Structure formats: C-alpha cells, structure tokens
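Participant: protein.cif is reproduced in full below (mmCIF, C-alpha atoms).
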data_run
#
loop_
_atom_site.label_atom_id
_atom_site.label_comp_id
_atom_site.auth_asym_id
_atom_site.auth_seq_id
_atom_site.Cartn_x
_atom_site.Cartn_y
_atom_site.Cartn_z
CA MET A 1 -68.72 56.45 88.12
CA GLY A 2 -66.38 57.30 91.01
CA ARG A 3 -67.04 56.91 94.74
CA ASP A 4 -68.00 60.60 95.18
CA GLY A 5 -70.33 60.71 92.20
CA TYR A 6 -67.76 61.81 89.65
CA VAL A 7 -67.65 60.12 86.26
CA VAL A 8 -64.45 58.14 85.75
CA PRO A 9 -63.16 58.53 82.16
CA ALA A 10 -62.82 55.29 80.21
CA ASP A 11 -59.42 53.95 79.27
CA PRO A 12 -58.66 55.57 75.89
CA GLY A 13 -56.48 52.62 74.87
CA ALA A 14 -59.26 50.11 75.49
CA GLY A 15 -61.72 52.28 73.58
CA ALA A 16 -59.38 52.57 70.61
CA ALA A 17 -58.84 48.79 70.61
CA MET A 18 -62.60 48.18 70.64
CA ILE A 19 -63.16 50.61 67.76
CA SER A 20 -60.34 48.98 65.78
CA ALA A 21 -61.84 45.52 66.37
CA ASN A 22 -65.27 46.70 65.23
CA VAL A 23 -63.77 48.27 62.12
CA ASN A 24 -61.93 45.02 61.30
CA VAL A 25 -65.10 42.98 61.74
CA ASN A 26 -67.05 45.35 59.51
CA VAL A 27 -64.34 45.28 56.86
CA ASN A 28 -64.24 41.48 56.91
CA LEU A 29 -68.02 41.26 56.65
CA LYS A 30 -67.99 43.76 53.81
CA LYS A 31 -65.36 41.73 51.96
CA LYS A 32 -67.39 38.54 52.43
CA ASN A 33 -70.54 40.23 51.19
CA GLN A 34 -68.71 41.62 48.16
CA SER A 35 -67.29 38.18 47.44
CA ALA A 36 -70.70 36.59 47.78
CA ARG A 37 -72.20 39.08 45.29
CA SER A 38 -69.38 38.91 42.74
CA TRP A 39 -70.17 37.12 39.48
CA ILE A 40 -69.01 37.14 35.88
CA LEU A 41 -71.42 36.55 33.02
CA LEU A 42 -69.99 34.85 29.91
CA ASP A 43 -72.17 34.77 26.82
CA SER A 44 -72.05 32.48 23.79
CA ARG A 45 -69.34 34.65 22.22
CA GLY A 46 -67.11 34.27 25.27
CA GLU A 47 -67.50 37.93 26.21
CA GLY A 48 -67.50 38.55 29.94
CA THR A 49 -69.45 41.06 32.04
CA ASN A 50 -68.79 41.53 35.75
CA LEU A 51 -71.94 41.55 37.86
CA ASP A 52 -72.50 42.80 41.39
CA VAL A 53 -76.05 41.68 42.08
CA ASP A 54 -77.97 40.03 44.88
CA LYS A 55 -79.28 36.47 44.91
CA TYR A 56 -82.76 37.49 43.81
CA ALA A 57 -81.46 38.96 40.57
CA ILE A 58 -79.54 35.72 39.88
CA MET A 59 -82.55 33.54 40.71
CA HIS A 60 -84.78 35.61 38.40
CA ARG A 61 -82.25 35.53 35.56
CA VAL A 62 -81.62 31.76 35.48
CA HIS A 63 -84.93 30.54 36.97
CA ILE A 64 -83.62 28.52 39.91
CA HIS A 65 -84.76 28.26 43.52
CA ALA A 66 -83.02 29.75 46.55
CA ARG A 67 -82.02 26.28 47.77
CA ASP A 68 -80.13 25.70 44.52
CA LEU A 69 -78.33 29.02 44.76
CA ARG A 70 -77.44 28.29 48.38
CA ILE A 71 -75.30 25.40 47.15
CA LEU A 72 -72.99 27.98 45.52
CA ASP A 73 -72.62 30.14 48.62
CA PRO A 74 -68.86 30.37 49.36
CA LEU A 75 -69.61 30.94 53.06
CA LEU A 76 -71.36 27.56 53.32
CA SER A 77 -69.88 24.11 52.93
CA TYR A 78 -71.63 21.90 50.39
CA PRO A 79 -70.29 18.75 48.70
CA SER A 80 -69.50 18.67 45.00
CA THR A 81 -72.76 18.83 43.07
CA ILE A 82 -73.98 18.89 39.47
CA LEU A 83 -77.71 19.58 39.31
CA GLY A 84 -79.89 19.73 36.23
CA ARG A 85 -82.79 22.15 36.44
CA ASP A 86 -85.41 23.19 33.90
CA LYS A 87 -83.31 25.96 32.34
CA ALA A 88 -79.94 25.71 34.09
CA ILE A 89 -77.16 23.48 35.37
CA VAL A 90 -76.05 24.29 38.92
CA LEU A 91 -72.39 23.38 39.30
CA ASN A 92 -70.49 23.25 42.58
CA LEU A 93 -67.03 21.72 42.13
CA GLU A 94 -64.65 22.94 44.83
CA HIS A 95 -63.82 26.56 43.89
CA ILE A 96 -65.75 26.35 40.62
CA LYS A 97 -69.25 27.56 41.43
CA ALA A 98 -71.25 28.21 38.28
CA ILE A 99 -74.70 28.34 36.74
CA ILE A 100 -74.81 27.20 33.12
CA THR A 101 -77.73 27.90 30.81
CA ALA A 102 -78.19 27.13 27.12
CA GLU A 103 -76.77 30.55 26.20
CA GLU A 104 -74.58 31.86 29.03
CA VAL A 105 -72.45 30.97 32.05
CA LEU A 106 -72.54 32.69 35.43
CA LEU A 107 -69.36 32.07 37.42
CA ARG A 108 -68.90 33.07 41.03
CA ASP A 109 -65.85 34.91 42.45
CA PRO A 110 -64.07 35.52 39.11
CA SER A 111 -61.18 37.32 40.84
CA ASP A 112 -60.20 34.21 42.81
CA GLU A 113 -56.75 32.99 41.74
CA ASN A 114 -58.07 29.48 41.10
CA VAL A 115 -61.07 30.74 39.14
CA ILE A 116 -59.20 33.12 36.82
CA PRO A 117 -57.81 30.28 34.63
CA VAL A 118 -61.34 28.85 34.33
CA VAL A 119 -62.67 32.21 33.14
CA GLU A 120 -59.89 32.49 30.56
CA GLU A 121 -60.52 28.97 29.28
CA LEU A 122 -64.25 29.59 29.00
CA GLN A 123 -63.59 32.76 27.02
CA ARG A 124 -61.39 30.75 24.68
CA ARG A 125 -63.65 27.77 24.16
CA LEU A 126 -67.21 29.08 24.37
CA PRO A 127 -67.31 31.03 21.08
CA PRO A 128 -68.45 29.05 18.02
CA ALA A 129 -65.59 27.82 15.85
CA ASN A 130 -66.50 30.05 12.92
CA THR A 131 -66.05 33.20 15.01
CA VAL A 132 -62.44 32.48 15.97
CA PRO A 133 -59.82 33.79 13.53
CA GLN A 134 -57.33 31.34 12.14
CA GLY A 135 -53.94 31.82 10.53
CA PRO A 136 -54.01 31.24 6.78
CA GLY A 137 -51.90 28.28 5.78
CA ASP A 138 -49.36 28.46 8.60
CA GLY A 139 -49.98 24.89 9.76
CA LYS A 140 -50.61 25.88 13.38
CA GLU A 141 -53.55 24.93 15.53
CA TYR A 142 -55.88 27.66 16.69
CA PRO A 143 -58.58 27.78 19.40
CA GLY A 144 -61.27 27.47 16.79
CA GLY A 145 -60.17 23.91 16.07
CA GLN A 146 -60.35 24.41 12.30
CA ASN A 147 -57.26 22.26 11.76
CA ASP A 148 -58.94 19.44 13.64
CA ILE A 149 -62.06 19.15 11.52
CA ASP A 150 -62.54 18.57 7.84
CA ALA A 151 -63.96 21.22 5.57
CA GLY A 152 -67.74 21.23 5.63
CA GLU A 153 -67.85 19.21 8.88
CA GLU A 154 -69.34 20.88 11.93
CA ASP A 155 -68.69 20.08 15.58
CA GLU A 156 -72.21 20.14 17.04
CA SER A 157 -71.63 20.10 20.80
CA PRO A 158 -74.25 22.13 22.73
CA PHE A 159 -73.14 25.30 24.49
CA GLU A 160 -73.83 23.90 27.95
CA PHE A 161 -71.63 20.86 27.32
CA ARG A 162 -68.73 23.02 26.21
CA ALA A 163 -69.02 24.99 29.44
CA LEU A 164 -69.43 21.82 31.51
CA GLU A 165 -66.38 20.26 29.89
CA VAL A 166 -64.23 23.29 30.77
CA ALA A 167 -65.35 23.04 34.41
CA LEU A 168 -64.73 19.29 34.62
CA GLU A 169 -61.36 19.57 32.95
CA ALA A 170 -60.34 22.39 35.30
CA ILE A 171 -61.35 20.62 38.52
CA CYS A 172 -59.80 17.30 37.48
CA SER A 173 -56.54 19.05 36.56
CA PHE A 174 -56.59 21.05 39.80
CA LEU A 175 -57.05 17.99 42.01
CA ALA A 176 -54.48 16.01 40.01
CA ALA A 177 -51.96 18.82 40.53
CA ARG A 178 -52.62 18.87 44.29
CA THR A 179 -52.12 15.09 44.35
CA THR A 180 -48.83 15.36 42.51
CA GLU A 181 -47.62 18.01 44.96
CA LEU A 182 -48.36 15.80 47.95
CA GLU A 183 -46.84 12.76 46.26
CA THR A 184 -43.69 14.77 45.52
CA ASP A 185 -43.42 15.70 49.21
CA ALA A 186 -44.30 12.24 50.53
CA TYR A 187 -41.48 10.10 49.15
CA PRO A 188 -38.61 12.38 50.33
CA ALA A 189 -40.25 12.53 53.75
CA LEU A 190 -40.38 8.73 53.89
CA ASP A 191 -36.76 8.48 52.77
CA GLU A 192 -35.72 10.87 55.51
CA LEU A 193 -37.71 8.92 58.09
CA THR A 194 -36.12 5.65 56.94
CA SER A 195 -32.63 7.08 57.23
CA LYS A 196 -33.28 8.68 60.62
CA ILE A 197 -36.12 7.76 62.91
CA SER A 198 -37.02 10.86 64.92
CA SER A 199 -40.07 12.61 66.31
CA ARG A 200 -39.54 15.46 63.86
CA ASN A 201 -39.56 13.17 60.83
CA LEU A 202 -42.54 11.23 62.18
CA ASP A 203 -44.44 14.48 62.67
CA ARG A 204 -43.69 15.52 59.08
CA VAL A 205 -45.08 12.23 57.75
CA CYS A 206 -48.11 12.55 60.04
CA LYS A 207 -48.91 15.99 58.60
CA LEU A 208 -48.60 14.63 55.07
CA LYS A 209 -50.95 11.79 55.99
CA SER A 210 -53.53 14.27 57.27
CA ALA A 211 -53.25 16.45 54.17
CA MET A 212 -53.61 13.39 51.95
CA THR A 213 -56.67 12.22 53.87
CA ARG A 214 -58.37 15.59 53.39
CA LEU A 215 -57.52 15.67 49.69
CA THR A 216 -58.75 12.10 49.25
CA ALA A 217 -62.14 13.10 50.68
CA ARG A 218 -62.38 16.02 48.23
CA VAL A 219 -61.47 13.87 45.24
CA GLN A 220 -63.90 11.18 46.39
CA LYS A 221 -66.78 13.68 46.44
CA VAL A 222 -66.16 14.74 42.84
CA ARG A 223 -65.81 11.12 41.73
CA ASP A 224 -69.01 10.09 43.53
CA GLU A 225 -70.97 12.93 41.93
CA LEU A 226 -69.86 11.92 38.43
CA GLU A 227 -70.61 8.26 39.15
CA GLN A 228 -74.07 9.14 40.43
CA LEU A 229 -74.80 11.10 37.26
CA LEU A 230 -73.55 8.29 35.03
CA ASP A 231 -75.82 5.82 36.82
CA ASP A 232 -78.98 7.82 36.13
CA ASP A 233 -80.08 8.50 32.56
CA ASP A 234 -82.83 10.84 33.74
CA ASP A 235 -80.35 13.05 35.59
CA MET A 236 -78.15 13.17 32.50
CA ALA A 237 -81.14 14.02 30.30
CA ASP A 238 -81.89 16.98 32.59
CA LEU A 239 -78.55 18.51 31.58
CA TYR A 240 -79.55 18.75 27.89
CA LEU A 241 -80.64 22.37 28.16
CA SER A 242 -80.36 23.21 24.45
CA ARG A 243 -82.50 20.22 23.54
CA LYS A 244 -85.17 21.22 26.05
CA LEU A 245 -85.04 24.82 24.86
CA ALA A 246 -85.34 23.75 21.24
CA GLY A 247 -88.28 21.51 22.13
CA THR A 248 -90.17 24.35 23.80
CA SER A 249 -89.46 26.85 21.03
CA SER A 250 -90.39 24.48 18.21
CA PRO A 251 -92.46 21.31 18.52
CA VAL A 252 -90.94 19.95 15.33
CA SER A 253 -87.44 18.52 15.72
CA GLY A 254 -85.57 19.49 12.61
CA SER A 255 -84.53 22.79 11.10
CA GLY A 256 -85.49 24.87 14.12
CA ALA A 257 -83.51 22.84 16.64
CA ALA A 258 -80.16 23.26 14.93
CA ASN A 259 -79.98 26.93 15.94
CA TRP A 260 -79.44 25.90 19.56
CA PHE A 261 -76.34 23.81 18.79
CA PRO A 262 -73.39 26.16 18.09
CA ALA A 263 -70.16 24.60 16.90
CA SER A 264 -67.63 23.60 19.54
CA PRO A 265 -64.17 25.21 19.57
CA THR A 266 -62.68 22.47 21.74
CA ILE A 267 -59.45 20.94 20.44
CA GLY A 268 -58.84 17.33 21.42
CA SER A 269 -62.25 17.03 23.05
CA LYS A 270 -63.00 13.87 24.94
CA ILE A 271 -66.00 13.31 22.69
CA SER A 272 -65.48 12.09 19.14
CA ARG A 273 -67.03 14.13 16.36
CA ALA A 274 -68.56 11.00 14.88
CA SER A 275 -70.53 10.29 18.04
CA ARG A 276 -71.64 13.92 18.22
CA ALA A 277 -72.94 13.76 14.68
CA SER A 278 -74.89 10.60 15.48
CA VAL A 279 -76.42 12.28 18.54
CA VAL A 280 -77.40 15.34 16.54
CA THR A 281 -79.30 13.22 14.05
CA VAL A 282 -81.46 11.83 16.86
CA ARG A 283 -81.57 14.86 19.14
CA GLY A 284 -85.32 14.68 19.10
CA ASP A 285 -85.02 11.59 21.34
CA GLU A 286 -85.14 12.94 24.89
CA ASN A 287 -83.81 9.66 26.28
CA ASP A 288 -80.60 9.75 24.23
CA VAL A 289 -77.71 10.73 26.54
CA GLU A 290 -74.79 9.16 24.69
CA GLU A 291 -72.91 12.42 24.12
CA LEU A 292 -73.04 13.51 27.74
CA GLU A 293 -72.30 10.00 28.95
CA MET A 294 -69.07 9.95 26.95
CA LEU A 295 -68.10 13.35 28.32
CA LEU A 296 -68.73 12.38 31.94
CA GLU A 297 -67.11 8.96 31.50
CA ALA A 298 -63.85 10.54 30.30
CA TYR A 299 -63.53 12.77 33.35
CA PHE A 300 -64.77 10.06 35.67
CA MET A 301 -61.86 7.89 34.55
CA GLN A 302 -59.46 10.79 35.09
CA ILE A 303 -60.66 11.59 38.61
CA ASP A 304 -60.79 7.87 39.44
CA GLY A 305 -57.13 7.59 38.44
CA THR A 306 -56.29 10.50 40.73
CA LEU A 307 -58.17 8.82 43.58
CA ASN A 308 -56.31 5.54 43.01
CA LYS A 309 -52.96 7.33 43.12
CA LEU A 310 -53.92 9.09 46.35
CA THR A 311 -55.11 5.84 47.91
CA THR A 312 -51.87 4.06 47.01
CA VAL A 313 -49.58 6.76 48.38
CA ARG A 314 -51.66 7.16 51.52
CA ALA A 315 -51.56 3.40 52.15
CA ILE A 316 -47.76 3.47 51.94
CA LEU A 317 -47.64 6.40 54.36
CA ASP A 318 -50.01 4.66 56.78
CA ILE A 319 -48.01 1.43 56.85
CA LEU A 320 -44.59 3.04 57.22
CA TYR A 321 -45.80 5.58 59.75
CA LEU A 322 -47.31 2.82 61.89
CA PHE A 323 -44.16 0.71 61.59
CA PHE A 324 -41.76 3.48 62.59
CA SER A 325 -44.07 4.65 65.36
CA TRP A 326 -43.88 1.18 66.84
CA LEU A 327 -40.10 1.24 66.58
CA VAL A 328 -39.99 4.53 68.44
CA LEU A 329 -42.37 3.19 71.08
CA ILE A 330 -40.37 -0.02 71.52
CA ASN A 331 -37.16 1.96 71.79
CA MET A 332 -38.68 4.21 74.47
CA THR A 333 -40.02 1.16 76.33
CA ASP A 334 -36.56 -0.43 76.35
CA HIS A 335 -35.04 2.75 77.77
CA VAL A 336 -37.69 3.00 80.49
CA HIS A 337 -37.26 -0.70 81.40
CA ALA A 338 -33.49 -0.34 81.55
CA TYR A 339 -33.80 2.74 83.73
CA PHE A 340 -36.03 1.09 86.34
CA THR A 341 -33.99 -2.14 86.42
CA GLY A 342 -30.78 -0.18 87.00
CA LYS A 343 -29.22 -1.11 83.66
CA SER A 344 -29.20 2.42 82.37
CA LYS A 345 -27.69 5.69 83.54
CA LEU A 346 -30.65 7.81 82.41
#
Could I get this file's structure written as structure tokens?
Facilitator:
Amino acid sequence: MGRDGYVVPADPGAGAAMISANVNVNVNLKKKNQSARSWILLDSRGEGTNLDVDKYAIMHRVHIHARDLRILDPLLSYPSTILGRDKAIVLNLEHIKAIITAEEVLLRDPSDENVIPVVEELQRRLPPANTVPQGPGDGKEYPGGQNDIDAGEEDESPFEFRALEVALEAICSFLAARTTELETDAYPALDELTSKISSRNLDRVCKLKSAMTRLTARVQKVRDELEQLLDDDDDMADLYLSRKLAGTSSPVSGSGAANWFPASPTIGSKISRASRASVVTVRGDENDVEELEMLLEAYFMQIDGTLNKLTTVRAILDILYLFFSWLVLINMTDHVHAYFTGKSKL
C-alpha cells in the first residue's frame, strides 16, 4: 500500500515467476506420485498388466505390512533387501523393486529404462516350458528350454525362484557392467597421469576414485544381503512360497503339491535339474533349502567377483593417486622454497 493510502500493484514479473515455480513444483510432485503408484503385474503365463493403485491396494493383494512396502518406495533410500514373508518375497535390489508371490510378480516403475529389460526377461522366463512354442526340428534353442531337457523330464523350479533368479541375474549383470565401465575409464586415466602429472589429470583420477567408492558400497550391500540369506536356513525356508502354499492347501504332501511347481523355462540355469528333482522328491521337508541355496550361492559368487574386481582397481587408483599427489606437493614445495631463498625468478 502506498504512502497516501493507494494500493501499489505487485510486480507482474515476480508474480509470473512465482506462479511458474509453483506449477513446476506441482508437476514434479505429480510425476513423483505417479512414479510411486506405477506397477506392472506379471502372472504365471508372463502376461503383464499395468497397475496404477495406491499402497493399500498392494498391501491387501499380497498380504504384507506397510513397513515392508516402504522398503520399495523410490523416494526413500533403503539398502538392498530380500525379505521372506508369509505369502510374498519383498525384493529391493537397486532399481529392481518387486513383490513376488507363488503365482505373480509385482514390479515397480516398469517404464524405467533399467527396469524394462527385467520386465522383458520375466515375460520370457516366467511361463511354464510347455506353453512356449518351439521350432520343429530346426536345432535351435528356444525360451522354453525344450532342447535342454530330455523327453519326459520336467524342470520343477517353483515360480517364485524363477522370478527371483531373473532379478538376481539382472542386478548382478547391471553392477558388473557398471564396474567394467569404470575399469575401462580408470586405466587410460592412470596412463595419462603417468605420462603427464597435472592438476587436471589428478582431478580426473580423483573423480574416478569417488565413483568407484560409491559403486563398491552398492555392490557390497547386495553381496552382504545374499551372504546373510545363505547363513540362515530359516530365512531361506521363508522364501519357499509354493511349498508353504501347497502345505496350507493340502496337508498331504504328494499329488496335490505338484500343482504349485510349474516347469521352469530357464536355459542354462544356475541350478542343475538333478538337484531340483531331488528337492522335489522331499519337498514336504520344510527344512530342505538346497535348491535355493544353490541359486543364491551362484549369484553370491558372481557379485563377490565383481566386488573383488572393484576393490583391486580402487586400490591401484588409491596408491597411484597418493603417490602422484605427493609428487605434485613436493614439486610445489621446492618451487616455494626456491622462491623465498632467492634461487627462483617466480
């Protein structure tokens, strides 16, 4: 309001800027909310259905608590986690945030560029082998894995393990690829630093060191989660959803339980068919976790190898960076000493 009681009009430019800022904030919040509500449902046939539902609908569908669903919130930061619940597996592995039941998979943010390949692989490998068409007599391998198994022999991996294997394979491959990228950048940077010691080259190596440290922490979290699972038979037994479901639907372990074990379409699976067959014969034993143990062990070894590679490259970077930093410091000290003693024309 002016000095004489007149209303002073607001600056139209400032008002427009404020409105634009509010609109941007609302748009960003809307995008986050849409992302948080975006799911894809994949059934036992590999058919996908996009869902736009709130957390209560998800909790009711898969029978988990809010604290479990919170682990999958993309707006929150939680370490890599594999949790076994009564009727679901809650899976948080970097960008792969999923809920696996004995009959379906719920995957968060299916439009994410890193999640799209996971969705495609699940659609390929979730359907039972006998539902995937194969080429007659052409000698090629097909997703159903019919060329990999003898006639009359069935691959009896539970649905939840097929889904879990896809997720583990995807995250291990993703982290291994990121490691290879950093390793590919590291050695040329070190060569350049060796040939010419400069602040620019030192800064480049320093940034690579920081990136490698962050990646090492991410890989370590996945490795630790797999190791923790492997060390606890009870936790592994909690992941046998089909076995628990078969036990509740039929108290007699036998003909009724087999319906919950669809054939696996996985080619070159980390689990041998012979061990799977032996597990199926004793699936009434709730303490038997051999099949899952073999699956987890295979990917534990893979992620452990990635961690070892990262640790080795990072150690080389640390040593050489420290060495050349000292050379630069000594060189600067010599110049300063020469300047103050009158032996330099700086």
Participant: Exactly which residues make up the result of the PyMOL selection byres ((chain A and resi 198-214) around 12) on this file, given as a PDB file with C-alpha atoms, in the frame of the given file?
Facilitator:
ATOM      1  CA  LEU A 175     -57.050  17.990  42.010  1.00  0.00           C
ATOM      2  CA  ARG A 178     -52.620  18.870  44.290  1.00  0.00           C
ATOM      3  CA  THR A 179     -52.120  15.090  44.350  1.00  0.00           C
ATOM      4  CA  THR A 180     -48.830  15.360  42.510  1.00  0.00           C
ATOM      5  CA  GLU A 181     -47.620  18.010  44.960  1.00  0.00           C
ATOM      6  CA  LEU A 182     -48.360  15.800  47.950  1.00  0.00           C
ATOM      7  CA  GLU A 183     -46.840  12.760  46.260  1.00  0.00           C
ATOM      8  CA  THR A 184     -43.690  14.770  45.520  1.00  0.00           C
ATOM      9  CA  ASP A 185     -43.420  15.700  49.210  1.00  0.00           C
ATOM     10  CA  ALA A 186     -44.300  12.240  50.530  1.00  0.00           C
ATOM     11  CA  TYR A 187     -41.480  10.100  49.150  1.00  0.00           C
ATOM     12  CA  PRO A 188     -38.610  12.380  50.330  1.00  0.00           C
ATOM     13  CA  ALA A 189     -40.250  12.530  53.750  1.00  0.00           C
ATOM     14  CA  LEU A 190     -40.380   8.730  53.890  1.00  0.00           C
ATOM     15  CA  ASP A 191     -36.760   8.480  52.770  1.00  0.00           C
ATOM     16  CA  GLU A 192     -35.720  10.870  55.510  1.00  0.00           C
ATOM     17  CA  LEU A 193     -37.710   8.920  58.090  1.00  0.00           C
ATOM     18  CA  THR A 194     -36.120   5.650  56.940  1.00  0.00           C
ATOM     19  CA  SER A 195     -32.630   7.080  57.230  1.00  0.00           C
ATOM     20  CA  LYS A 196     -33.280   8.680  60.620  1.00  0.00           C
ATOM     21  CA  ILE A 197     -36.120   7.760  62.910  1.00  0.00           C
ATOM     22  CA  LEU A 215     -57.520  15.670  49.690  1.00  0.00           C
ATOM     23  CA  THR A 216     -58.750  12.100  49.250  1.00  0.00           C
ATOM     24  CA  ALA A 217     -62.140  13.100  50.680  1.00  0.00           C
ATOM     25  CA  ARG A 218     -62.380  16.020  48.230  1.00  0.00           C
ATOM     26  CA  VAL A 219     -61.470  13.870  45.240  1.00  0.00           C
ATOM     27  CA  GLN A 220     -63.900  11.180  46.390  1.00  0.00           C
ATOM     28  CA  LYS A 221     -66.780  13.680  46.440  1.00  0.00           C
ATOM     29  CA  THR A 306     -56.290  10.500  40.730  1.00  0.00           C
ATOM     30  CA  LEU A 307     -58.170   8.820  43.580  1.00  0.00           C
ATOM     31  CA  LYS A 309     -52.960   7.330  43.120  1.00  0.00           C
ATOM     32  CA  LEU A 310     -53.920   9.090  46.350  1.00  0.00           C
ATOM     33  CA  THR A 311     -55.110   5.840  47.910  1.00  0.00           C
ATOM     34  CA  THR A 312     -51.870   4.060  47.010  1.00  0.00           C
ATOM     35  CA  VAL A 313     -49.580   6.760  48.380  1.00  0.00           C
ATOM     36  CA  ARG A 314     -51.660   7.160  51.520  1.00  0.00           C
ATOM     37  CA  ALA A 315     -51.560   3.400  52.150  1.00  0.00           C
ATOM     38  CA  ILE A 316     -47.760   3.470  51.940  1.00  0.00           C
ATOM     39  CA  LEU A 317     -47.640   6.400  54.360  1.00  0.00           C
ATOM     40  CA  ASP A 318     -50.010   4.660  56.780  1.00  0.00           C
ATOM     41  CA  ILE A 319     -48.010   1.430  56.850  1.00  0.00           C
ATOM     42  CA  LEU A 320     -44.590   3.040  57.220  1.00  0.00           C
ATOM     43  CA  TYR A 321     -45.800   5.580  59.750  1.00  0.00           C
ATOM     44  CA  LEU A 322     -47.310   2.820  61.890  1.00  0.00           C
ATOM     45  CA  PHE A 323     -44.160   0.710  61.590  1.00  0.00           C
ATOM     46  CA  PHE A 324     -41.760   3.480  62.590  1.00  0.00           C
ATOM     47  CA  SER A 325     -44.070   4.650  65.360  1.00  0.00           C
ATOM     48  CA  TRP A 326     -43.880   1.180  66.840  1.00  0.00           C
ATOM     49  CA  LEU A 327     -40.100   1.240  66.580  1.00  0.00           C
ATOM     50  CA  VAL A 328     -39.990   4.530  68.440  1.00  0.00           C
ATOM     51  CA  LEU A 329     -42.370   3.190  71.080  1.00  0.00           C
ATOM     52  CA  ASN A 331     -37.160   1.960  71.790  1.00  0.00           C
ATOM     53  CA  MET A 332     -38.680   4.210  74.470  1.00  0.00           C
TER      54      MET A 332
END
Participant: Since I can't run it myself right now, could you work out what the PyMOL selection byres ((chain A and resi 51) around 7) selects here and report it as a ChimeraX atom specification?
Facilitator: /A:38-41,49-50,52-53
Participant: Between CA of Ile58 (chain A) and CA of Asn92 (chain A), what is the spacing in Å?
Facilitator: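 Separating CA of Asn92 (chain A) from CA of Ile58 (chain A) is a distance of 15.6 Å.
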Participant: For Tyr56 (chain A), work out the shell of residues within 12 Å, counting all atoms listed in the file and skipping chain neighbours fewer than 2 positions away, then give it as a tab-separated table (two decimals) with C-alpha atoms, in the coordinates of the input.
Facilitator:
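Contents of the output file out34.tsv:
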chain	number	residue	atom	x	y	z
A	37	ARG	CA	-72.20	39.08	45.29
A	52	ASP	CA	-72.50	42.80	41.39
A	53	VAL	CA	-76.05	41.68	42.08
A	54	ASP	CA	-77.97	40.03	44.88
A	58	ILE	CA	-79.54	35.72	39.88
A	59	MET	CA	-82.55	33.54	40.71
A	60	HIS	CA	-84.78	35.61	38.40
A	61	ARG	CA	-82.25	35.53	35.56
A	62	VAL	CA	-81.62	31.76	35.48
A	63	HIS	CA	-84.93	30.54	36.97
A	64	ILE	CA	-83.62	28.52	39.91
A	65	HIS	CA	-84.76	28.26	43.52
A	66	ALA	CA	-83.02	29.75	46.55
A	67	ARG	CA	-82.02	26.28	47.77
A	69	LEU	CA	-78.33	29.02	44.76
A	70	ARG	CA	-77.44	28.29	48.38
Participant: Interatomic distance between CA of Ser111 (chain A) and CA of Leu42 (chain A)?
Facilitator: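 Calculated distance between CA of Ser111 (chain A) and CA of Leu42 (chain A) is 14.3 Å.
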Participant: When you draw a straight line from CA of Ala57 (chain A) to CA of Ile100 (chain A), how long is it in Å?
Facilitator: 15.4 Å
Participant: When you look at region 162-168 of chain A with a cut-off of 7 Å (counting all atoms listed in the file), what residues show up, excluding the ones that are within fewer than 6 positions of it in the same chain? I need them as a list in words.
Facilitator: Glu121, Leu122, Leu126, Ser264 and Tyr299 of chain A
Participant: Mind telling me what the PyMOL selection byres ((chain A and resi 43) around 10) catches here, as an MDAnalysis selection string?
Facilitator: chainID A and resid 40:42 44:49 101:106 122:123 126:127 159
